[in-house]
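Worksheet for the structure shown next.
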Amino acid sequence: MIRFASREYSDEEIYAILDRPIGEWFRRKFGTFTPPQRYAVVEIHKGENVLISSPTGSGKTLSAFLAAINELVLLGKEGKLEDQIYVLYVSPLRALNNDIRRNLEEPLSEIREVYRELGYELPEIRVAVRTSDTSSYEKQKMVKKPPHILITTPESLAIALNAPKFSQKLKTVKYVIVDEVHALAENKRGTHLALSLERLQNLAGDFVRIGLSATIHPLEEVAKFVFGYNDDGSPRPGIIVDVSFAKQTEIKVESVVEDLVYASANELSEALYKRLDELIEQHRTTLIFTNTRSGAERVTYHLRKKFPKYAELIEAHHSSLSRDVRLEVEEKLKRGELRCVVSSTSLELGIDIGTIDLVVLIGSPKSVNRALQRIGRAGHRLHEVSKGIILVLDRDDLVECTVLAHNARNRRLDRIKIPQNALDVLAQHLLGMALERVWDIKEAYSLVRRAYPYRNLSFDDFMSVLRYLAGEYAGLEEKNVYAKIWLDEEEGKFGKRGKMTRAIYYMNTGTIPDEAKIEVYTLDKKFIGTVEEEFAERLMPGDIFVLAGKTYEFRKSRGNRIYVVPKEGAKPTIPAWFSEMLPLSFDLALDVQRFRREVKGLLNNRRARRFLMKKYQIDEKAAKAILGYFREQEKYSIIPDDEVLLVEEVFDEKRVKYFFHTLIGRRANEAISRVFAYLISKKKKTNVGMAISDNGFVLILPKEKSLSEEEIKGLFQVEDLRETLKRALDNTELLKRRFRHVANRGLLILRRYMGRKKSLSRQQLNAQTLLRLLKKNYPDFPLLREVYREIMEDKMDIENAELFLSWVKEGKIKIIIEHNELPSPFAFNLEVIGASDVVLMEDRRELIKQLHSKIMKLIGEKQIKEESKNA
């Protein structure tokens, strides 16, 4: 049974289980135990599985290691410490691994000193790191003399399990610590690790599992993910230590200008940098998060330019920078040499970066968990308050962040979603298992189902992956896809096939797709530049985008190239900054809907401003801006909320636009909007333009193809959303590119073979050929099913899209259709994404300003008409 820790142990009780010199060392170094240590150390000592959720700087890493170090020291003292691995520590960050090694070696040498004072000579407790950066010489040394504590990554663990000599050294593991669980659980790296841990358990027998995580929810599911399942399908028992609230957090939301609509881009920029300067001046070290890499570069550049005093004291940190540059920035931070670091998302994870006094978020972090994680980087010690300020730059952001900060203060967290039954990762591990030995099919199936993400895997799905690996799909050999295992279904056995299989596995294991820069060419083969793969995924024929300051229309793709034709003066349909944006979580989106209904009820209340300031802890400027925004929406149109879904029809010269105010987060919106666009294009025989945001989506049609009210309402009655979405994904760039990722993970397309790396362009061409073949001949092929599952469940949010549509069908949410001259204020941001030649923030603001002036004029005219009617 999984249960929450209810017992907080006293210092005396913890010292009682520690060998006296270790207790003495701890007392000198720290004085007293922190909350996670009080709840966890004794339980780990007893052999319980433990999941610890606590803020940065609360001593959770030491909570995990203390009982294990104590055991190693006792073995050393009794002369029983052998050359074997006792503790395995897994973290998703290679940079964090070196940190952990340093943070372990120091206490271990201090502990040896204390023992020496007391007359004991302890053998050395060895710590080593094994990742893709480790040289083969180092790895050889580890085989001869393994470390007692091994630090690794999920990918390197999978390879270690298949290293014939080294895997034997893992048989003695007693403790496995998984750090930064929140960064693994939601993606396929976590799925990959969950299977590796079950394979390790099969090799080493039972071991104690310890998961360490920042703010995450729901903890019971995360604990099941870390602990795994028994053969009878019940979760393995363990204890959840939730001390994520042990640290005080202070979150403020600020608008940098009085008027979020009419402030020009220039004024907004000036005000933003002036405020950042004030905050940096008032604090010793400030960490700024921008959500995007380009944003981090831009903010760093402007701060240095506007304030030369910071020229040497401000640095940028994001994943596109080289590892050396990032390490240098981290070291400078630790040494207190920087006043400010501007990061995209790369400093969210627990790299030790020393003391931060303030965290500033520019724009919404899109989820409560992420906000708490980022702000938790401030006030590194447990007794210090974590101070965070969110600076908002538009009115939708202000509303969203007001609700987000309120939820964060009240610990209303967003639920995470752990991928289920990923067949590409399964294929990789089944090949890894076949390399170990000959397996009984039933035994292998039950091992896989002990991993949380596969607990509900059907036997048919399991067998379809084995049959694919055994080469049982005719026609694939001609495409150079060869069998990698042998399978005897009558005997119920499988094993490895061919001499090259081991090399194929080593060179192609892992779940992170290769980063691709997509080359852009005109149809007559003229090279223009490159775009990110995530950007290319969104393109549909006819889409217009900007590159190098000029507009181009997308026509087709081949391999890793896309082909375009120049389109002078055309309006882009896809803005360049689209690919990097974080999606709003579904839970938070629903809370923003409820907030809309609450504010709607306050509009005629004289005390509305006071009420909002008090309940949501916002200043007068913010409360006034929110109420003004809602009043405008109400006067011009209606306020959509959790009971009312507004659809606006707006005509311009040649087109008609339908604004769907479905505030359910971009991922769920993407699922619904693609299905609606597909249904309309089939019925009206026309291309449908599309723009998506967290707050809704817009569909754009030729004027003569407009929809009746029945047709709009009919869209919400779609029978099978999944099946229709599957059809809508046909021939999209998204399907072609994601298929390459899945085919790489599932070893259908090899990234490296015979020591040679296959170019991404070649891989992509292979992927497109195989995709066509499989769709035609084997629509049920496991990796084809997986690519649809990944797009619908992991990239989009089909589950919550279905849930939302069911509320509409049941009448819990009422559809109201309005025919407006201009989009309403709540639709401005969507209009800007959809209409935009707005490549730049400046143009977006300008367009919103113009829309706002026109709307205010229409509201004024409407009021005059009503007054003269009543006169």
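FYI, nothing fancy with the structure tokens labels: chains A, B, ... in order, residues from 1 per chain, ligands from 1 as they appear.
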query: Do you know which residues are at most 9 Å from Thr501 (chain A) counting only C-alpha atoms, after dropping those on the same chain fewer than 3 positions away, and could you put them as a PyMOL selection string?
result: chain A and resi 431+435+484-485+496-498+504-506
task: May I have the residues within 10 Å of Val127 (chain A) as a PyMOL selection string, using only C-alpha atoms and disregarding those fewer than 4 positions away in the same chain?
output: chain A and resi 85+87+100-102+104-105+108+146-151
Go ahead and write the selection's residues with C-alpha atoms as a compact mmCIF listing (two decimals), in the first residue's frame.
```txt
# COMPACT_ATOMS: atom_id res chain seq x y z
CA ILE A 85 27.83 -1.10 -6.64
CA VAL A 87 23.80 2.74 -4.62
CA ILE A 100 26.12 15.40 -7.15
CA ARG A 101 29.50 13.68 -7.29
CA ARG A 102 31.17 16.79 -5.84
CA LEU A 104 29.02 13.49 -2.17
CA GLU A 105 32.80 13.37 -2.18
CA LEU A 108 32.46 11.37 2.51
CA PRO A 146 33.31 -0.63 -9.61
CA PRO A 147 32.32 2.42 -7.53
CA HIS A 148 30.16 1.91 -4.46
CA ILE A 149 27.92 4.76 -5.59
CA LEU A 150 27.24 5.06 -9.32
CA ILE A 151 25.76 8.25 -10.79
```
From a DSSP pass on the backbone, collect the residues of region 383-604 of chain A flagged as strand (DSSP E or B) and hand them back as a PDB file with C-alpha atoms, in the first residue's frame.
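The resulting part.pdb:
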```
ATOM      1  CA  SER A 386      11.124  32.232  -1.989  1.00  0.00           C
ATOM      2  CA  LYS A 387      10.297  35.556  -3.610  1.00  0.00           C
ATOM      3  CA  GLY A 388       8.849  35.684  -7.095  1.00  0.00           C
ATOM      4  CA  ILE A 389       7.409  38.426  -9.292  1.00  0.00           C
ATOM      5  CA  ILE A 390       5.481  37.753 -12.501  1.00  0.00           C
ATOM      6  CA  LEU A 391       5.609  40.685 -14.929  1.00  0.00           C
ATOM      7  CA  VAL A 392       2.679  40.609 -17.359  1.00  0.00           C
ATOM      8  CA  TRP A 439      13.271 -15.091 -22.798  1.00  0.00           C
ATOM      9  CA  ASP A 440      10.026 -16.822 -22.085  1.00  0.00           C
ATOM     10  CA  ILE A 485      15.238 -11.051 -32.851  1.00  0.00           C
ATOM     11  CA  TRP A 486      13.943 -14.597 -33.444  1.00  0.00           C
ATOM     12  CA  LEU A 487      10.507 -15.485 -32.144  1.00  0.00           C
ATOM     13  CA  ASP A 488       9.027 -18.933 -31.613  1.00  0.00           C
ATOM     14  CA  LYS A 493      10.352 -17.951 -26.570  1.00  0.00           C
ATOM     15  CA  PHE A 494      12.374 -15.147 -28.171  1.00  0.00           C
ATOM     16  CA  GLY A 495      16.051 -14.144 -28.354  1.00  0.00           C
ATOM     17  CA  LYS A 496      18.562 -12.038 -30.287  1.00  0.00           C
ATOM     18  CA  LYS A 517      17.231  22.300 -38.655  1.00  0.00           C
ATOM     19  CA  ILE A 518      14.944  22.202 -41.672  1.00  0.00           C
ATOM     20  CA  GLU A 519      16.385  23.784 -44.804  1.00  0.00           C
ATOM     21  CA  VAL A 520      14.097  26.070 -46.780  1.00  0.00           C
ATOM     22  CA  TYR A 521      14.417  26.174 -50.597  1.00  0.00           C
ATOM     23  CA  THR A 522      12.401  27.816 -53.351  1.00  0.00           C
ATOM     24  CA  PHE A 527      18.474  28.088 -50.549  1.00  0.00           C
ATOM     25  CA  ILE A 528      16.846  30.692 -48.255  1.00  0.00           C
ATOM     26  CA  GLY A 529      17.624  29.638 -44.691  1.00  0.00           C
ATOM     27  CA  THR A 530      16.526  27.224 -41.957  1.00  0.00           C
ATOM     28  CA  VAL A 531      13.597  26.852 -39.554  1.00  0.00           C
ATOM     29  CA  GLU A 532      13.146  24.719 -36.419  1.00  0.00           C
ATOM     30  CA  ILE A 544       2.590  31.702 -45.408  1.00  0.00           C
ATOM     31  CA  PHE A 545       5.485  32.527 -43.101  1.00  0.00           C
ATOM     32  CA  VAL A 546       8.333  34.988 -42.794  1.00  0.00           C
ATOM     33  CA  LEU A 547      12.000  34.086 -43.165  1.00  0.00           C
ATOM     34  CA  LYS A 550      10.453  38.097 -46.622  1.00  0.00           C
ATOM     35  CA  THR A 551       7.180  36.170 -46.955  1.00  0.00           C
ATOM     36  CA  TYR A 552       6.976  32.684 -48.483  1.00  0.00           C
ATOM     37  CA  GLU A 553       4.204  30.182 -49.160  1.00  0.00           C
ATOM     38  CA  PHE A 554       4.802  26.550 -48.126  1.00  0.00           C
ATOM     39  CA  ARG A 555       4.214  24.046 -50.958  1.00  0.00           C
ATOM     40  CA  LYS A 556       5.743  20.661 -50.047  1.00  0.00           C
ATOM     41  CA  SER A 557       8.479  18.852 -48.141  1.00  0.00           C
ATOM     42  CA  ARG A 558      11.011  16.235 -49.126  1.00  0.00           C
ATOM     43  CA  ARG A 561      13.890  20.241 -46.899  1.00  0.00           C
ATOM     44  CA  ILE A 562      10.779  22.263 -47.366  1.00  0.00           C
ATOM     45  CA  TYR A 563       9.947  23.981 -50.635  1.00  0.00           C
ATOM     46  CA  VAL A 564       8.322  27.391 -50.869  1.00  0.00           C
ATOM     47  CA  VAL A 565       7.419  30.105 -53.359  1.00  0.00           C
ATOM     48  CA  PRO A 566       8.033  33.811 -52.616  1.00  0.00           C
TER      49      PRO A 566
END
```
- prompt: What's the 12 Å shell around Ser673 (chain A), counting only C-alpha atoms, without same-chain residues fewer than 2 positions away, as a PyMOL selection string?
  reply: chain A and resi 658-662+664-671+675-681+688-694+696-700+715-716+721+724-725+728-729+796-798+801+805
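The neighbours of region 255-257 of chain A here are the residues that come within 9 Å of it, using only C-alpha atoms and leaving out any residue fewer than 6 positions away in the same chain; they are Ala263, Glu267, Leu268, Ala271, Leu272, Lys274, Arg275, Ile390, Leu391, Val392, Leu393, Asp394, Leu398, Lys621 and Ala622 of chain A.
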message: DSSP on the backbone, helix (DSSP H, G or I) only: what residues of region 263-313 of chain A does that give? Format it as a PyMOL selection string.
response: chain A and resi 265-282+293-306+308-310
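For the choices A:Ser10, A:Ser53, A:Asn97, A:Asn70, the atom-to-atom distance to Leu219 (chain A) is smallest for A:Ser53 when using only C-alpha atoms.
In terms of minimum interatomic distance to Arg740 (chain A), A:Glu533 ranks closest within A:Glu13, A:Glu810, A:Glu533, A:Glu106, counting only C-alpha atoms.
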